[in-house]
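Beneath this line is the structure, given in structure tokens, with notes to follow.
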Amino acid sequence: MAVIFNPAVLATSLALLLISGSLRAEIVIDRTRVVYPAPAREVTVNLKNESSGPRLVQAWIDDGDAQLAPELSDVPFSLSPPIVRMEPGQGKALRLTFNEREGAALPTDRESVFWLNVLGVPPSPEGHANTVQVAFRTRIKLFLRPKVLSTSSLEAARALKWRKLAGPEPRLGVSNPSAYYVTLSNVVLTVNGAQSSSDDPPMIAPHSAEVVLLTGADRSQDKPGIRFTTIDDNGSTQTHQAEWTSDE
């Protein structure tokens, strides 16, 4: 049976894709984050259709609002191609280009963060145009790195400053004195033989601070201190040890 793509799906699928977070993406991106060095002419991201059928793929960039429709996004980037049909097993190169004139107001002494969205829409069977189709969206961070910064952000994670906050619940304050975003994936605090942790800590923006809420009070033989895991430019995890100051 022939299949057709329903253009209306692209307009309505954003309401459906929030249910797909726990499902396997059909259009696979070759990385989990994109670092765009500001001097670069373009950055290429590779896509692959790992589904069993054709997909109409739409890509766009937003500045943090996951609910914003693609046509309303106002960012200093262009994508080519923004919409493309991909057959099963087919790969495509997605080219990202930064427009310096449109991004002139962005800070040049620290990173800025955006989000790359890739939406894979399945076709509707011919004669069934009103069939509800489930679209899968992948959304990854896009870091714009000014040319005054070095190519690696690894030292930024080591520079984090930690503080144990007073109160009945275990909490940590963490400040980032660097010009890079630091993405935390896990934080573990060991104190007085008890261990508490967070598996969903916040991302720390440049020259800013966040509060990490911890849970649990498991007994531990570990030395007092903080063990935290960050995600580097390549999407790999890096584990670090740190000490803290205390408000108590």
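Naming scheme: A, B, ... for chains in displayed order of the structure tokens; residues 1 onward per chain; ligands 1 onward as shown.
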Just the alpha helix (DSSP H) stuff from stretch 85-199 of chain A, please, per backbone DSSP, written as a tab-separated table (two decimals) with C-alpha atoms, in the first residue's frame.
```
chain	number	residue	atom	x	y	z
A	154	LEU	CA	36.78	20.21	31.29
A	155	GLU	CA	38.46	22.65	33.67
A	156	ALA	CA	35.12	24.36	34.31
A	157	ALA	CA	33.81	21.27	36.12
A	158	ARG	CA	36.87	21.16	38.35
```
Report as a list in words all protein, DNA and RNA residues lying within 7 Å of stretch 32-35 of chain A, evaluated on only C-alpha atoms, omitting residues in the same chain fewer than 2 positions from it.
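With the cut-off at 7 Å, the set is Pro37, Ile140, Lys141, Leu142, Phe143, Leu144, Arg145, Asp233 and Gly235 of chain A.
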Excluding A:Gly216 and any residue of its chain fewer than 5 positions from it, enumerate the residues within 10 Å of it, using only C-alpha atoms, and give them as a CSV table (one decimal) with C-alpha atoms, in the first residue's frame.
```csv
chain,number,residue,atom,x,y,z
A,169,GLU,CA,16.8,18.6,54.2
A,170,PRO,CA,20.2,17.9,52.6
A,194,ALA,CA,25.6,9.0,55.7
A,195,GLN,CA,25.2,9.4,51.9
A,196,SER,CA,22.6,11.4,50.0
A,197,SER,CA,22.4,12.0,46.3
A,198,SER,CA,20.7,13.7,43.4
```
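With only C-alpha atoms as the atoms that count, the residue of A:Leu213, A:Thr97, A:Val188, A:Val174 with the shortest distance to A:Ala40 is A:Thr97.
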One-decimal distance in Å that lies between atom CA of A:Asn99 and atom CA of A:Val84:
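Straight-line distance from atom CA of A:Val84 to atom CA of A:Asn99 works out to 22.3 Å.
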Write down as number ranges by chain the residues of stretch 42-188 of chain A whose backbone DSSP state falls under strand (DSSP E or B).
A: 43-49, 55-62, 77-80, 83-86, 91-98, 112-121, 124-125, 136-145, 161-164, 171-176, 182-188
